[in-house]
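Presented below is the structure to which this report refers.
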Amino acid sequence: MSMDVQNYFESLGPEVDSLKQRVRDLIADAHWQTDGEWKESVVRQVLRRPLPATAVVGRGFVVTGQCATHQLDVLVHDASKPLLFRDGDLVFVTPDAVLGVIEVKSRVTLSLFRESAQKLASDINLIRLHPNTRAFAALFAFDDDGPQGFSSTGTWTRKRNEGCTSAGTPTSFHSWHPGISSTMWLML
């Protein structure tokens with residue numbers, strides 16, 4: 001029997017598509033926040049499977065001596081670093097513990113993409129002010145508005161983050177399509 005690793009990874013797309021609808025099927029549009037929180041947990045769940053035990057997947061905030069990031073839907077951190085706070089999936093960590101951050105959206109439009117990219121850039125720049133150049137930032141969307149307004153690769157101008165208030169923009173972004181309709185943009 002031969003292994004089919006490509007088929008394995010391609011099967012993740014339909015699995016995520018199926019999972020994303022579970023809460024919506026039960027409550028329809030009765031509570032969008034719960035639907036969004038469920039979708040964030042789906043992404044965390046799928047990420048936990050292949051990551052080593054040294055990388056912990058949660059949600060929360062990165063805290064410096066002066067300020068904190070926005071609330072992070074997915075916060076991947078180094079298990080060997082101390083936490084400031086933990087309760088279930090909710091964690092507060094220092095910048096040196098961060099491996100990556102992901103913003104999760106049910107559906108993204110071009111304007112929401114720009115807004116989310118600005119927010120992520122601000123957060124990752126804050127993290128990188130504290131000698132942590134290894135951390136990544138990404139935007140994951142279960143659905144998007146299609147090719148109009150989006151391109152698979154492109155270059156953005158980077159703005160320097162001045163402390164905690166100035167928002168930067170990603171240097172570049174790369175589109176990745178893990179499955180049927182989900183898309184992840186990795187911002188470098």
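All residue names refer to the structure tokens as shown: chains lettered A, B, ... in order, residues numbered from 1 in each chain, ligands numbered from 1 in order.
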
Pick out each residue of region 47-135 of chain A that DSSP on the backbone tags as strand (DSSP E); I need them as a PyMOL selection string. chain A and resi 55-62+72-78+85-87+90-93+98-108

List every residue of region 74-137 of chain A that has an atom at most 6 Å from any atom of region 41-62 of chain A, giving for each one its closest atom pair and the distance in Å to one decimal, counting only C-alpha atoms, sorted by chain and then by ascending residue number, as CSV.
```
residue,atom,partner,partner_atom,distance
A:Val74,CA,A:Arg59,CA,4.8
A:Leu75,CA,A:Arg59,CA,4.9
A:Val76,CA,A:Val57,CA,4.5
A:His77,CA,A:Val56,CA,5.3
A:Asp78,CA,A:Ala55,CA,5.0
A:Ala79,CA,A:Thr54,CA,4.9
A:Asp89,CA,A:Gly58,CA,4.6
A:Leu90,CA,A:Gly60,CA,5.1
A:Val91,CA,A:Gly60,CA,4.9
A:Phe92,CA,A:Phe61,CA,4.9
A:Val93,CA,A:Val62,CA,5.0
A:Thr94,CA,A:Val62,CA,5.4
A:Pro95,CA,A:Val62,CA,6.0
```

Within 12 Å of region 11-23 of chain A using only C-alpha atoms, minus same-chain residues under 2 positions, as a CSV table (one decimal) with N, CA and C atoms, in the first residue's frame:
```
chain,number,residue,atom,x,y,z
A,4,ASP,N,-0.3,8.4,0.4
A,4,ASP,CA,-0.7,9.5,-0.5
A,4,ASP,C,-0.8,10.8,0.4
A,5,VAL,N,0.3,11.4,0.7
A,5,VAL,CA,0.4,12.5,1.6
A,5,VAL,C,-0.4,13.7,1.0
A,6,GLN,N,-0.3,13.9,-0.3
A,6,GLN,CA,-1.0,15.0,-1.0
A,6,GLN,C,-2.5,14.8,-0.7
A,7,ASN,N,-3.1,13.6,-0.9
A,7,ASN,CA,-4.5,13.4,-0.7
A,7,ASN,C,-4.9,13.7,0.8
A,8,TYR,N,-4.0,13.3,1.7
A,8,TYR,CA,-4.2,13.6,3.1
A,8,TYR,C,-4.4,15.1,3.3
A,9,PHE,N,-3.5,15.9,2.8
A,9,PHE,CA,-3.6,17.4,3.0
A,9,PHE,C,-4.8,17.9,2.2
A,25,ASP,N,-25.5,25.5,11.5
A,25,ASP,CA,-26.7,24.6,11.2
A,25,ASP,C,-27.6,24.5,12.4
A,26,LEU,N,-27.1,24.6,13.6
A,26,LEU,CA,-27.9,24.5,14.8
A,26,LEU,C,-28.6,25.8,15.2
A,27,ILE,N,-27.9,27.0,15.0
A,27,ILE,CA,-28.5,28.2,15.5
A,27,ILE,C,-28.8,29.2,14.4
A,28,ALA,N,-28.5,28.9,13.1
A,28,ALA,CA,-28.7,29.8,12.0
A,28,ALA,C,-28.0,31.1,12.2
A,29,ASP,N,-28.7,32.2,12.2
A,29,ASP,CA,-28.1,33.5,12.4
A,29,ASP,C,-28.5,34.1,13.7
A,30,ALA,N,-28.8,33.2,14.7
A,30,ALA,CA,-29.3,33.7,16.0
A,30,ALA,C,-28.1,34.4,16.8
A,31,HIS,N,-26.9,34.0,16.6
A,31,HIS,CA,-25.8,34.6,17.4
A,31,HIS,C,-24.5,34.5,16.6
A,32,TRP,N,-24.2,35.5,15.9
A,32,TRP,CA,-23.0,35.5,15.1
A,32,TRP,C,-21.7,35.4,15.8
A,33,GLN,N,-21.6,35.9,17.0
A,33,GLN,CA,-20.4,35.8,17.8
A,33,GLN,C,-20.1,34.4,18.1
A,34,THR,N,-21.1,33.6,18.5
A,34,THR,CA,-20.8,32.2,18.8
A,34,THR,C,-20.4,31.5,17.5
A,35,ASP,N,-21.0,31.8,16.4
A,35,ASP,CA,-20.5,31.2,15.1
A,35,ASP,C,-19.1,31.5,14.8
A,36,GLY,N,-18.7,32.8,15.1
A,36,GLY,CA,-17.3,33.2,14.8
A,36,GLY,C,-16.3,32.5,15.8
A,37,GLU,N,-16.7,32.4,17.0
A,37,GLU,CA,-15.9,31.7,18.0
A,37,GLU,C,-15.7,30.3,17.7
A,38,TRP,N,-16.7,29.6,17.2
A,38,TRP,CA,-16.6,28.2,16.8
A,38,TRP,C,-15.6,28.1,15.7
A,39,LYS,N,-15.7,29.0,14.7
A,39,LYS,CA,-14.8,28.9,13.5
A,39,LYS,C,-13.4,29.1,13.9
A,40,GLU,N,-13.1,30.0,14.9
A,40,GLU,CA,-11.8,30.2,15.4
A,40,GLU,C,-11.3,28.9,16.1
A,41,SER,N,-12.2,28.2,16.8
A,41,SER,CA,-11.8,27.0,17.5
A,41,SER,C,-11.5,25.9,16.5
A,42,VAL,N,-12.2,25.9,15.3
A,42,VAL,CA,-11.9,24.9,14.3
A,42,VAL,C,-10.5,25.0,13.8
A,43,VAL,N,-10.1,26.3,13.5
A,43,VAL,CA,-8.7,26.5,13.0
A,43,VAL,C,-7.7,26.1,14.1
A,44,ARG,N,-7.9,26.4,15.3
A,44,ARG,CA,-7.0,26.0,16.4
A,44,ARG,C,-6.9,24.5,16.5
A,45,GLN,N,-8.1,23.8,16.4
A,45,GLN,CA,-8.1,22.4,16.4
A,45,GLN,C,-7.3,21.7,15.3
A,46,VAL,N,-7.5,22.2,14.1
A,46,VAL,CA,-6.8,21.7,12.9
A,46,VAL,C,-5.3,21.9,13.1
A,47,LEU,N,-4.9,23.1,13.6
A,47,LEU,CA,-3.5,23.4,13.7
A,47,LEU,C,-2.8,22.5,14.8
A,49,ARG,N,-3.1,19.4,15.5
A,49,ARG,CA,-2.7,18.1,15.1
A,49,ARG,C,-1.3,17.9,14.6
A,50,PRO,N,-0.8,18.7,13.6
A,50,PRO,CA,0.5,18.5,13.1
A,50,PRO,C,1.6,19.2,13.9
A,104,VAL,N,-8.8,35.1,12.2
A,104,VAL,CA,-9.8,34.2,11.6
A,104,VAL,C,-11.0,35.0,11.2
A,105,LYS,N,-11.5,34.9,10.0
A,105,LYS,CA,-12.7,35.5,9.5
A,105,LYS,C,-13.6,34.5,8.8
A,106,SER,N,-14.9,34.6,9.0
A,106,SER,CA,-15.8,33.7,8.4
A,106,SER,C,-15.8,34.0,6.9
A,107,ARG,N,-15.9,35.3,6.5
A,107,ARG,CA,-15.9,35.7,5.1
A,107,ARG,C,-15.1,37.0,5.1
A,140,PHE,N,-6.7,34.0,8.1
A,140,PHE,CA,-7.4,32.8,7.6
A,140,PHE,C,-8.9,33.2,7.3
A,141,ALA,N,-9.4,32.9,6.1
A,141,ALA,CA,-10.8,33.2,5.8
A,141,ALA,C,-11.5,31.9,5.3
A,142,PHE,N,-12.6,31.6,5.9
A,142,PHE,CA,-13.3,30.4,5.5
A,142,PHE,C,-13.9,30.6,4.1
A,143,ASP,N,-14.3,31.9,3.8
A,143,ASP,CA,-14.8,32.2,2.5
A,143,ASP,C,-14.3,33.6,2.1
A,176,TRP,N,-2.6,31.1,0.2
A,176,TRP,CA,-2.6,29.6,0.2
A,176,TRP,C,-4.0,29.1,0.3
A,177,HIS,N,-4.3,28.2,-0.6
A,177,HIS,CA,-5.7,27.6,-0.6
A,177,HIS,C,-5.7,26.2,-0.1
A,178,PRO,N,-5.9,25.9,1.2
A,178,PRO,CA,-5.8,24.6,1.7
A,178,PRO,C,-7.0,23.7,1.3
A,179,GLY,N,-8.0,24.2,0.8
A,179,GLY,CA,-9.1,23.3,0.4
A,179,GLY,C,-10.1,24.0,-0.4
A,180,ILE,N,-11.4,23.6,-0.3
A,180,ILE,CA,-12.4,24.0,-1.2
A,180,ILE,C,-12.6,25.5,-1.2
A,181,SER,N,-12.9,26.2,-0.1
A,181,SER,CA,-13.1,27.6,-0.2
A,181,SER,C,-12.3,28.4,0.8
A,182,SER,N,-11.6,27.7,1.7
A,182,SER,CA,-10.8,28.4,2.7
A,182,SER,C,-9.6,28.9,2.1
A,183,THR,N,-9.1,30.1,2.6
A,183,THR,CA,-7.9,30.7,2.2
A,183,THR,C,-7.1,31.3,3.3
A,184,MET,N,-5.8,31.1,3.3
A,184,MET,CA,-5.0,31.7,4.3
A,184,MET,C,-3.9,32.6,3.6
```

Could you please determine the separation between CA of Asp144 (chain A) and CA of Gln71 (chain A) in Å, to one decimal place? 22.1 Å

Among region 47-168 of chain A, which ones does DSSP assign to helix (DSSP H, G or I) (computed from the backbone)? Answer as a PyMOL selection string. chain A and resi 47-48+95-97+110-128

Can you pull out every residue within 10 Å of Arg134 (chain A), counting only C-alpha atoms, but drop anything in the same chain fewer than 6 positions away, and send it as a list in words?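 Contacts, in chain order: Asp96, Val98, Leu99, Gly100, Ile127, Arg128 and Leu188 of chain A.
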
What would the file look like if the residues just selected were written as a PDB file, in the first residue's frame with C-alpha atoms?
```pdb
ATOM      1  CA  ASP A  96       9.519  36.276  23.090  1.00  0.00           C
ATOM      2  CA  VAL A  98       5.208  33.972  20.222  1.00  0.00           C
ATOM      3  CA  LEU A  99       5.646  31.656  17.257  1.00  0.00           C
ATOM      4  CA  GLY A 100       2.748  33.068  15.243  1.00  0.00           C
ATOM      5  CA  ILE A 127       5.921  41.413  18.839  1.00  0.00           C
ATOM      6  CA  ARG A 128       9.000  41.970  16.669  1.00  0.00           C
ATOM      7  CA  LEU A 188       5.867  38.200   6.158  1.00  0.00           C
TER       8      LEU A 188
END
```
